[in-house]
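Okay, work02.txt now, which holds compact mmCIF, C-alpha atoms and all ligand atoms:
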# COMPACT_ATOMS: atom_id res chain seq x y z
CA MET I 1 42.05 98.07 19.60
CA ILE I 2 45.80 98.38 19.27
CA VAL I 3 47.57 95.04 18.77
CA THR I 4 51.12 94.11 17.76
CA THR I 5 52.11 93.66 14.15
CA LYS I 6 53.20 90.15 15.14
CA GLN I 7 49.62 89.19 16.01
CA LEU I 8 48.42 90.51 12.66
CA PHE I 9 51.20 88.66 10.83
CA GLU I 10 50.27 85.37 12.50
CA ALA I 11 46.71 85.80 11.28
CA ALA I 12 47.64 86.79 7.74
CA TYR I 13 50.79 84.86 6.79
CA GLY I 14 50.58 83.10 3.44
CA GLN I 15 46.95 84.08 2.88
CA TYR I 16 46.83 87.85 2.54
CA ALA I 17 48.85 90.97 3.31
CA ILE I 18 48.08 93.67 5.85
CA GLY I 19 47.96 97.21 4.47
CA ALA I 20 50.43 99.54 6.22
CA TYR I 21 49.32 103.11 5.62
CA ASN I 22 51.21 106.28 6.56
CA ILE I 23 49.37 109.10 8.25
CA ASN I 24 50.27 112.72 8.92
CA ASN I 25 47.06 114.48 9.89
CA LEU I 26 43.47 114.38 11.06
CA GLU I 27 41.85 113.89 7.65
CA GLN I 28 44.06 110.94 6.77
CA THR I 29 43.38 109.39 10.17
CA MET I 30 39.60 109.64 9.79
CA GLY I 31 39.65 108.41 6.19
CA LEU I 32 41.93 105.53 7.15
CA PHE I 33 39.72 104.27 9.96
CA ARG I 34 36.54 104.68 7.93
CA GLY I 35 38.00 102.82 4.94
CA ASN I 36 39.17 99.95 7.10
CA MET I 37 35.82 99.73 8.86
CA ASP I 38 33.93 99.89 5.54
CA SER I 39 36.04 97.00 4.22
CA GLN I 40 36.25 95.20 7.61
CA ALA I 41 40.03 94.93 7.51
CA PRO I 42 42.78 94.84 10.13
CA PHE I 43 45.50 97.36 9.33
CA ILE I 44 48.78 98.97 10.34
CA ILE I 45 49.19 102.70 10.90
CA GLN I 46 52.64 103.89 9.97
CA ILE I 47 54.27 107.01 11.34
CA SER I 48 57.47 108.24 9.72
CA LYS I 49 60.06 110.47 11.32
CA GLY I 50 58.81 113.29 9.08
CA ALA I 51 55.23 112.68 10.23
CA ARG I 52 56.32 112.83 13.89
CA SER I 53 57.83 116.25 13.38
CA TYR I 54 55.20 117.66 10.96
CA THR I 55 53.27 119.10 13.91
CA HIS I 56 54.29 117.29 17.08
CA LYS I 57 54.68 113.59 17.75
CA ALA I 58 52.10 113.86 20.54
CA MET I 59 49.53 115.18 18.08
CA LEU I 60 49.45 112.01 15.96
CA GLU I 61 49.37 109.87 19.07
CA ALA I 62 46.34 111.81 20.34
CA LEU I 63 44.61 111.51 16.95
CA ILE I 64 45.10 107.76 16.94
CA ARG I 65 43.86 107.37 20.52
CA ALA I 66 40.77 109.41 19.61
CA ALA I 67 40.16 107.33 16.47
CA ASP I 68 40.44 104.17 18.57
CA GLN I 69 37.56 105.47 20.70
CA ILE I 70 35.48 106.64 17.74
CA PHE I 71 35.94 103.28 15.96
CA PRO I 72 35.94 100.70 18.79
CA GLU I 73 35.68 97.82 16.30
CA ALA I 74 38.99 98.64 14.62
CA ILE I 75 41.96 96.28 15.04
CA PHE I 76 45.29 97.86 14.17
CA ALA I 77 48.97 98.18 15.02
CA VAL I 78 50.96 101.41 15.34
CA HIS I 79 54.35 101.23 13.65
CA LEU I 80 57.35 103.54 13.28
CA ASP I 81 58.26 103.67 9.58
CA HIS I 82 61.95 103.93 8.57
CA GLY I 83 63.31 104.70 12.01
CA ASP I 84 66.90 105.53 12.83
CA GLU I 85 68.27 104.05 16.05
CA GLN I 86 67.47 107.03 18.26
CA THR I 87 63.91 107.41 16.97
CA CYS I 88 63.36 103.68 17.57
CA TYR I 89 64.41 104.08 21.21
CA ASP I 90 62.15 107.11 21.57
CA CYS I 91 59.16 105.13 20.25
CA ILE I 92 60.02 102.07 22.34
CA GLU I 93 60.17 104.23 25.49
CA SER I 94 56.93 106.05 24.65
CA GLY I 95 54.86 102.93 25.35
CA PHE I 96 52.51 103.83 22.48
CA TYR I 97 53.93 102.00 19.48
CA SER I 98 53.36 98.31 18.71
CA SER I 99 56.43 98.00 16.55
CA VAL I 100 59.36 99.89 15.12
CA MET I 101 61.27 99.68 11.89
CA ILE I 102 65.00 100.12 12.20
CA ASP I 103 66.26 101.08 8.78
CA ALA I 104 70.01 100.64 8.67
CA SER I 105 69.85 99.25 5.13
CA HIS I 106 72.22 101.97 3.89
CA GLU I 107 74.95 100.62 6.19
CA PRO I 108 77.28 97.75 5.28
CA PHE I 109 75.93 94.28 6.16
CA GLU I 110 77.79 93.86 9.47
CA LYS I 111 76.96 97.35 10.68
CA ASN I 112 73.28 96.87 9.72
CA ILE I 113 73.28 93.67 11.82
CA GLU I 114 74.95 95.42 14.77
CA ILE I 115 72.47 98.33 14.84
CA THR I 116 69.43 96.14 14.22
CA ARG I 117 70.49 93.72 16.97
CA ARG I 118 70.69 96.57 19.52
CA VAL I 119 67.23 97.83 18.60
CA VAL I 120 65.78 94.30 18.72
CA GLU I 121 67.13 93.82 22.25
CA ALA I 122 65.65 97.11 23.46
CA ALA I 123 62.31 96.50 21.73
CA HIS I 124 61.86 92.89 22.82
CA ALA I 125 62.60 93.87 26.42
CA ARG I 126 59.51 96.12 26.24
CA GLY I 127 57.31 93.72 24.24
CA LEU I 128 57.60 95.52 20.89
CA VAL I 129 58.41 93.83 17.61
CA VAL I 130 60.96 94.97 15.06
CA GLU I 131 61.00 95.27 11.29
CA ALA I 132 64.44 95.57 9.73
CA GLU I 133 65.57 96.15 6.16
CA LEU I 134 68.15 94.44 4.02
CA GLY I 135 68.93 95.52 0.48
CA GLN I 136 68.31 98.96 -0.90
CA LEU I 137 65.22 100.24 -2.58
CA GLY I 138 65.53 102.74 -5.40
CA GLY I 139 64.24 106.26 -4.95
CA VAL I 140 64.18 108.27 -1.78
CA GLU I 141 63.96 106.79 1.73
CA GLU I 142 63.93 109.37 4.54
CA HIS I 143 67.31 111.12 4.23
CA VAL I 144 68.76 108.25 2.20
CA LYS I 145 69.00 108.73 -1.54
CA VAL I 146 69.65 105.65 -3.58
CA ASP I 147 69.91 105.81 -7.33
CA GLU I 148 67.34 103.40 -8.74
CA ALA I 149 69.87 102.22 -11.29
CA ASN I 150 72.07 100.99 -8.44
CA ALA I 151 69.26 99.58 -6.35
CA LYS I 152 70.48 96.47 -4.62
CA LEU I 153 68.00 93.66 -4.37
CA THR I 154 68.01 91.61 -1.17
CA ASN I 155 70.37 88.65 -1.29
CA PRO I 156 68.37 85.56 -0.11
CA ASP I 157 71.34 83.90 1.65
CA GLN I 158 72.17 87.13 3.45
CA ALA I 159 68.49 87.54 4.40
CA LYS I 160 68.56 84.24 6.30
CA GLU I 161 71.80 85.09 8.06
CA PHE I 162 70.55 88.60 8.86
CA VAL I 163 67.32 87.36 10.45
CA GLU I 164 69.13 84.69 12.48
CA ARG I 165 71.78 87.07 13.76
CA THR I 166 69.54 90.05 14.52
CA GLY I 167 66.43 88.31 15.89
CA CYS I 168 64.22 90.77 13.99
CA ASP I 169 60.54 89.86 13.62
CA SER I 170 59.96 90.82 9.99
CA LEU I 171 62.15 91.82 7.09
CA ALA I 172 61.72 94.53 4.48
CA CYS I 173 63.16 93.17 1.26
CA ALA I 174 64.26 95.03 -1.83
CA ILE I 175 62.53 93.21 -4.69
CA GLY I 176 62.44 95.96 -7.31
CA THR I 177 60.13 98.57 -5.83
CA SER I 178 61.08 102.10 -4.87
CA HIS I 179 59.43 104.85 -2.87
CA GLY I 180 57.47 107.66 -4.47
CA ALA I 181 55.49 108.10 -7.68
CA PHE I 182 58.15 107.19 -10.23
CA LYS I 183 58.93 103.50 -10.00
CA PHE I 184 60.32 100.86 -12.31
CA SER I 185 62.43 102.76 -14.77
CA GLY I 186 63.00 100.81 -17.97
CA SER I 187 61.81 97.22 -17.92
CA GLN I 188 61.99 96.66 -14.16
CA GLY I 189 59.14 95.00 -12.28
CA LEU I 190 58.61 92.99 -9.10
CA HIS I 191 61.27 90.30 -8.67
CA PHE I 192 59.16 87.30 -7.67
CA ASP I 193 62.17 85.06 -8.25
CA VAL I 194 64.06 86.80 -5.43
CA LEU I 195 61.00 86.67 -3.17
CA GLU I 196 60.63 82.94 -3.75
CA GLU I 197 64.26 82.34 -2.83
CA ILE I 198 63.92 84.39 0.33
CA GLN I 199 60.78 82.52 1.38
CA LYS I 200 62.50 79.17 0.77
CA ARG I 201 65.22 80.15 3.22
CA LEU I 202 62.87 81.80 5.71
CA PRO I 203 59.64 79.77 5.61
CA GLY I 204 56.88 81.27 7.74
CA PHE I 205 58.83 84.48 8.34
CA PRO I 206 56.91 87.70 7.56
CA LEU I 207 58.34 89.76 4.71
CA VAL I 208 57.54 93.40 4.05
CA MET I 209 57.16 95.15 0.73
CA HIS I 210 57.98 98.86 0.81
CA GLY I 211 57.33 101.21 -2.08
CA SER I 212 54.07 99.47 -2.93
CA SER I 213 51.94 102.32 -4.22
CA SER I 214 50.34 101.52 -7.55
CA VAL I 215 50.23 105.16 -8.75
CA PRO I 216 46.91 104.70 -10.63
CA GLN I 217 47.12 106.22 -14.09
CA GLU I 218 43.61 107.63 -13.79
CA GLU I 219 44.71 109.50 -10.67
CA VAL I 220 47.81 110.84 -12.41
CA GLU I 221 45.77 111.96 -15.42
CA ARG I 222 43.23 113.75 -13.23
CA ILE I 223 46.00 115.51 -11.30
CA ASN I 224 47.70 116.60 -14.51
CA ALA I 225 44.39 117.75 -16.01
CA ALA I 226 43.83 119.90 -12.93
CA GLY I 227 47.17 121.68 -13.22
CA GLY I 228 49.61 119.10 -11.86
CA ASN I 229 52.77 117.88 -13.50
CA LEU I 230 53.36 114.21 -12.75
CA LYS I 231 54.25 113.01 -16.20
CA GLY I 232 55.74 109.53 -16.33
CA ALA I 233 54.56 108.54 -12.85
CA LYS I 234 54.00 104.81 -12.42
CA GLY I 235 53.81 102.19 -9.70
CA VAL I 236 53.35 98.57 -8.67
CA ASN I 237 50.65 96.40 -10.23
CA GLU I 238 48.19 95.98 -7.36
CA ASP I 239 46.91 92.74 -8.85
CA GLU I 240 50.28 91.24 -7.87
CA PHE I 241 49.79 91.75 -4.11
CA LYS I 242 48.02 88.43 -3.62
CA ARG I 243 50.80 86.48 -5.34
CA ALA I 244 53.34 88.29 -3.17
CA ALA I 245 51.29 87.36 -0.09
CA THR I 246 51.51 83.65 -0.91
CA LEU I 247 55.29 84.11 -1.03
CA GLY I 248 55.47 85.49 2.50
CA VAL I 249 54.77 89.20 2.01
CA THR I 250 52.60 89.95 5.03
CA LYS I 251 52.87 93.75 5.19
CA VAL I 252 52.53 96.08 2.21
CA ASN I 253 53.51 99.74 2.67
CA ILE I 254 51.45 102.36 0.89
CA ASP I 255 51.91 106.11 1.27
CA THR I 256 52.33 107.79 -2.12
CA ASP I 257 48.91 106.65 -3.43
CA GLY I 258 47.22 108.39 -0.51
CA ARG I 259 49.14 111.58 -1.29
CA LEU I 260 47.89 111.33 -4.87
CA VAL I 261 44.29 111.11 -3.65
CA TRP I 262 44.91 114.24 -1.56
CA THR I 263 46.46 116.07 -4.51
CA ARG I 264 43.70 115.12 -6.95
CA VAL I 265 40.90 116.10 -4.54
CA HIS I 266 42.43 119.48 -3.72
CA ARG I 267 43.53 120.39 -7.25
CA GLU I 268 40.12 119.55 -8.68
CA PHE I 269 38.29 121.30 -5.85
CA PHE I 270 40.11 124.59 -6.22
CA ARG I 271 39.94 124.42 -10.02
CA ASP I 272 36.17 123.84 -9.90
CA PHE I 273 35.36 126.21 -7.02
CA PRO I 274 37.79 129.12 -7.25
CA GLU I 275 35.58 131.25 -5.04
CA LYS I 276 35.72 128.84 -2.06
CA PHE I 277 38.18 128.99 0.82
CA ASP I 278 36.76 126.87 3.62
CA LEU I 279 39.34 124.16 4.19
CA ARG I 280 36.62 121.82 5.46
CA ASP I 281 34.97 121.63 2.03
CA PRO I 282 37.82 119.79 0.26
CA GLY I 283 38.67 118.13 3.60
CA LYS I 284 35.32 116.34 3.67
CA ILE I 285 35.73 115.17 0.09
CA PHE I 286 39.24 113.97 0.85
CA MET I 287 38.16 111.93 3.89
CA ALA I 288 35.46 110.20 1.83
CA GLU I 289 37.78 109.58 -1.13
CA TYR I 290 40.59 108.35 1.11
CA ALA I 291 38.22 105.91 2.82
CA LYS I 292 37.16 104.57 -0.61
CA PHE I 293 40.80 104.24 -1.63
CA ILE I 294 41.71 102.30 1.55
CA ALA I 295 38.78 99.91 1.10
CA HIS I 296 39.85 99.29 -2.50
CA LYS I 297 43.46 98.57 -1.48
CA ASN I 298 42.31 96.14 1.19
CA GLU I 299 40.37 94.21 -1.47
CA LYS I 300 43.55 93.95 -3.53
CA LEU I 301 45.61 92.88 -0.50
CA GLY I 302 43.04 90.28 0.54
CA SER I 303 42.71 91.84 4.01
CA ALA I 304 39.14 93.05 3.37
CA GLY I 305 36.56 91.02 5.28
CA ARG I 306 39.14 89.54 7.69
CA LEU I 307 38.37 91.66 10.74
CA GLU I 308 36.15 89.21 12.64
CA GLU I 309 38.46 86.30 11.85
CA VAL I 310 41.35 88.26 13.38
CA ARG I 311 39.26 89.26 16.38
CA ALA I 312 38.43 85.60 17.02
CA MET I 313 42.12 84.69 16.81
CA LEU I 314 43.00 87.34 19.39
CA LYS I 315 40.63 85.90 22.01
O1 LIG D 1 58.99 105.66 2.91
C1 LIG D 1 58.69 106.78 3.25
C2 LIG D 1 57.27 107.08 3.52
O2 LIG D 1 56.56 107.27 2.33
C3 LIG D 1 57.18 108.25 4.46
O3 LIG D 1 57.48 109.43 3.81
O4 LIG D 1 59.26 110.39 5.21
O5 LIG D 1 57.95 111.82 3.65
O6 LIG D 1 56.90 110.92 5.72
P1 LIG D 1 57.93 110.73 4.66
P1 LIG D 2 55.20 104.30 -1.56
O1 LIG D 2 56.01 105.53 -1.77
O2 LIG D 2 55.22 103.40 -2.75
O3 LIG D 2 53.81 104.58 -1.12
O4 LIG D 2 55.90 103.47 -0.36
C1 LIG D 2 55.66 103.81 0.97
C2 LIG D 2 56.58 103.12 1.91
O5 LIG D 2 57.31 102.21 1.59
C3 LIG D 2 56.58 103.60 3.31
O6 LIG D 2 57.54 102.97 4.08
ZN ZN D 3 59.32 102.47 2.98

Go ahead and express the file in the form of structure tokens.
Amino acid sequence: MIVTTKQLFEAAYGQYAIGAYNINNLEQTMGLFRGNMDSQAPFIIQISKGARSYTHKAMLEALIRAADQIFPEAIFAVHLDHGDEQTCYDCIESGFYSSVMIDASHEPFEKNIEITRRVVEAAHARGLVVEAELGQLGGVEEHVKVDEANAKLTNPDQAKEFVERTGCDSLACAIGTSHGAFKFSGSQGLHFDVLEEIQKRLPGFPLVMHGSSSVPQEEVERINAAGGNLKGAKGVNEDEFKRAATLGVTKVNIDTDGRLVWTRVHREFFRDFPEKFDLRDPGKIFMAEYAKFIAHKNEKLGSAGRLEEVRAMLK
């Protein structure tokens, strides 16, 4: 059942965070639904601009509709990840998405407000909710490169003003994370102090943590042992998700970790079975491993076991 992110946020706020997982293909979609059903968790499917154009935007939509039929118990939202203004309008008009993210965080404050406000008006008119971003994450965000050294954490006073003036429904905050597999250069870590200040100014308002992959060292070692080269990769401590949830983080975005599962499965498979060439053989392993990975993340986020509670709230 497709619901809005707002409904999921109301159920989760202050207690746990909802996992927001990016998908690009059939195998990820199947693994994602299985993992969430195995762990009985509500979840958010994220589709990036790159994912929409990987094959065709209609392809992912069809996959999700099919998964909804195959897994009738599932409760999830469909969300555009890091949208520009035009892509937001496209998703709003499509009637398929539950929510869009307008990412104008690379613009100056006033311009970010102006763009976000326009998208909020269009989205709210059609019953969709909007995630916006303030502050800049390090690393690479869809077409936007920000040097981690110059990453700008979200200013708590500006966050309050931004939310009030834009009417957005949730806010992605820069609290030290970055996208990709190489996070936290030097002594950086999650800035709980900033998060606390934001929550004080915006009590009850859902915050979003991007760049939340934990880049498990065991995964990195297995990839490197099977011919990869990901030396120095590191991520967020997943044992910190629950603390972040008590401080208002209600949505946690995870993409890179899933890509690492894919890379490990395929590298090991072709190393161990050089004579094989049926794409379904590693595909089956990947779907099972991805499902296990999703269930594990949901335990860390506290969303595991919440499905029936959310269903009851929706009635
Ligand atoms: O934040 C970006 C997400 O990980 C999506 O990545 O733009 O390569 O699909 P992508
Ligand atoms: P990771 O690269 O840490 O998985 O972050 C994903 C993300 O923020 C998607 O919006
Ligand atoms: Zn992101």

#### Entry: Exercise: Ala172 in chain I partners within 8 Å, all atoms listed in the file, chain neighbours under 4 positions left out, as a PyMOL selection string
chain I and resi 131-134+207-210

Given the selection you just returned, output its residues as a file containing C-alpha atoms, formatted as a CSV table (one decimal), keeping the file's coordinate frame.
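The file below, part-v4.csv, is the result:
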chain,number,residue,atom,x,y,z
I,131,GLU,CA,61.0,95.3,11.3
I,132,ALA,CA,64.4,95.6,9.7
I,133,GLU,CA,65.6,96.2,6.2
I,134,LEU,CA,68.2,94.4,4.0
I,207,LEU,CA,58.3,89.8,4.7
I,208,VAL,CA,57.5,93.4,4.0
I,209,MET,CA,57.2,95.2,0.7
I,210,HIS,CA,58.0,98.9,0.8

As JSON, please report the centre and edge lengths, rounded to one decimal in Å, of the axis-aligned box that holds all listed atoms of ligand LIG 2 (chain D) with 8 Å of padding on each of the six sides.
{"center_x": 55.7, "center_y": 103.9, "center_z": 0.7, "size_x": 19.7, "size_y": 19.3, "size_z": 22.8}

Give me, as a tab-separated table, each residue of range 183-233 of chain I that comes within 7 Å of range 238-257 of chain I, together with its shortest interatomic pair and the distance in Å at one decimal, counting only C-alpha atoms, with rows ordered by chain and rising residue number.
residue	atom	partner	partner_atom	distance
I:Leu195	CA	I:Leu247	CA	6.6
I:Glu196	CA	I:Leu247	CA	6.1
I:Gln199	CA	I:Gly248	CA	6.2
I:Gly204	CA	I:Gly248	CA	6.9
I:Phe205	CA	I:Gly248	CA	6.8
I:Pro206	CA	I:Thr250	CA	5.5
I:Leu207	CA	I:Val249	CA	4.5
I:Val208	CA	I:Lys251	CA	4.8
I:Met209	CA	I:Val252	CA	4.9
I:His210	CA	I:Asn253	CA	4.9
I:Gly211	CA	I:Asn253	CA	6.3
I:Ser212	CA	I:Ile254	CA	5.5
I:Ser213	CA	I:Ile254	CA	5.1
I:Ser214	CA	I:Glu238	CA	5.9
I:Val215	CA	I:Asp257	CA	5.7

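In terms of minimum interatomic distance to ligand LIG 1 (chain D), I:Tyr54 ranks closest within I:Phe43, I:Tyr54, I:Tyr16, I:Phe33, counting all atoms listed in the file.
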
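Take the candidates I:Ala122, I:Ala181, I:Leu307, I:Ala104 and check each one against ligand LIG 2 (chain D) using only C-alpha atoms and all ligand atoms; the shortest distance goes to I:Ala181.
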
In Å and to one decimal, CA of Arg271 in chain I is distant from CA of Ala295 in chain I by 26.9 Å

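CA of Val129 in chain I is positioned 15.5 Å from CA of Arg165 in chain I.
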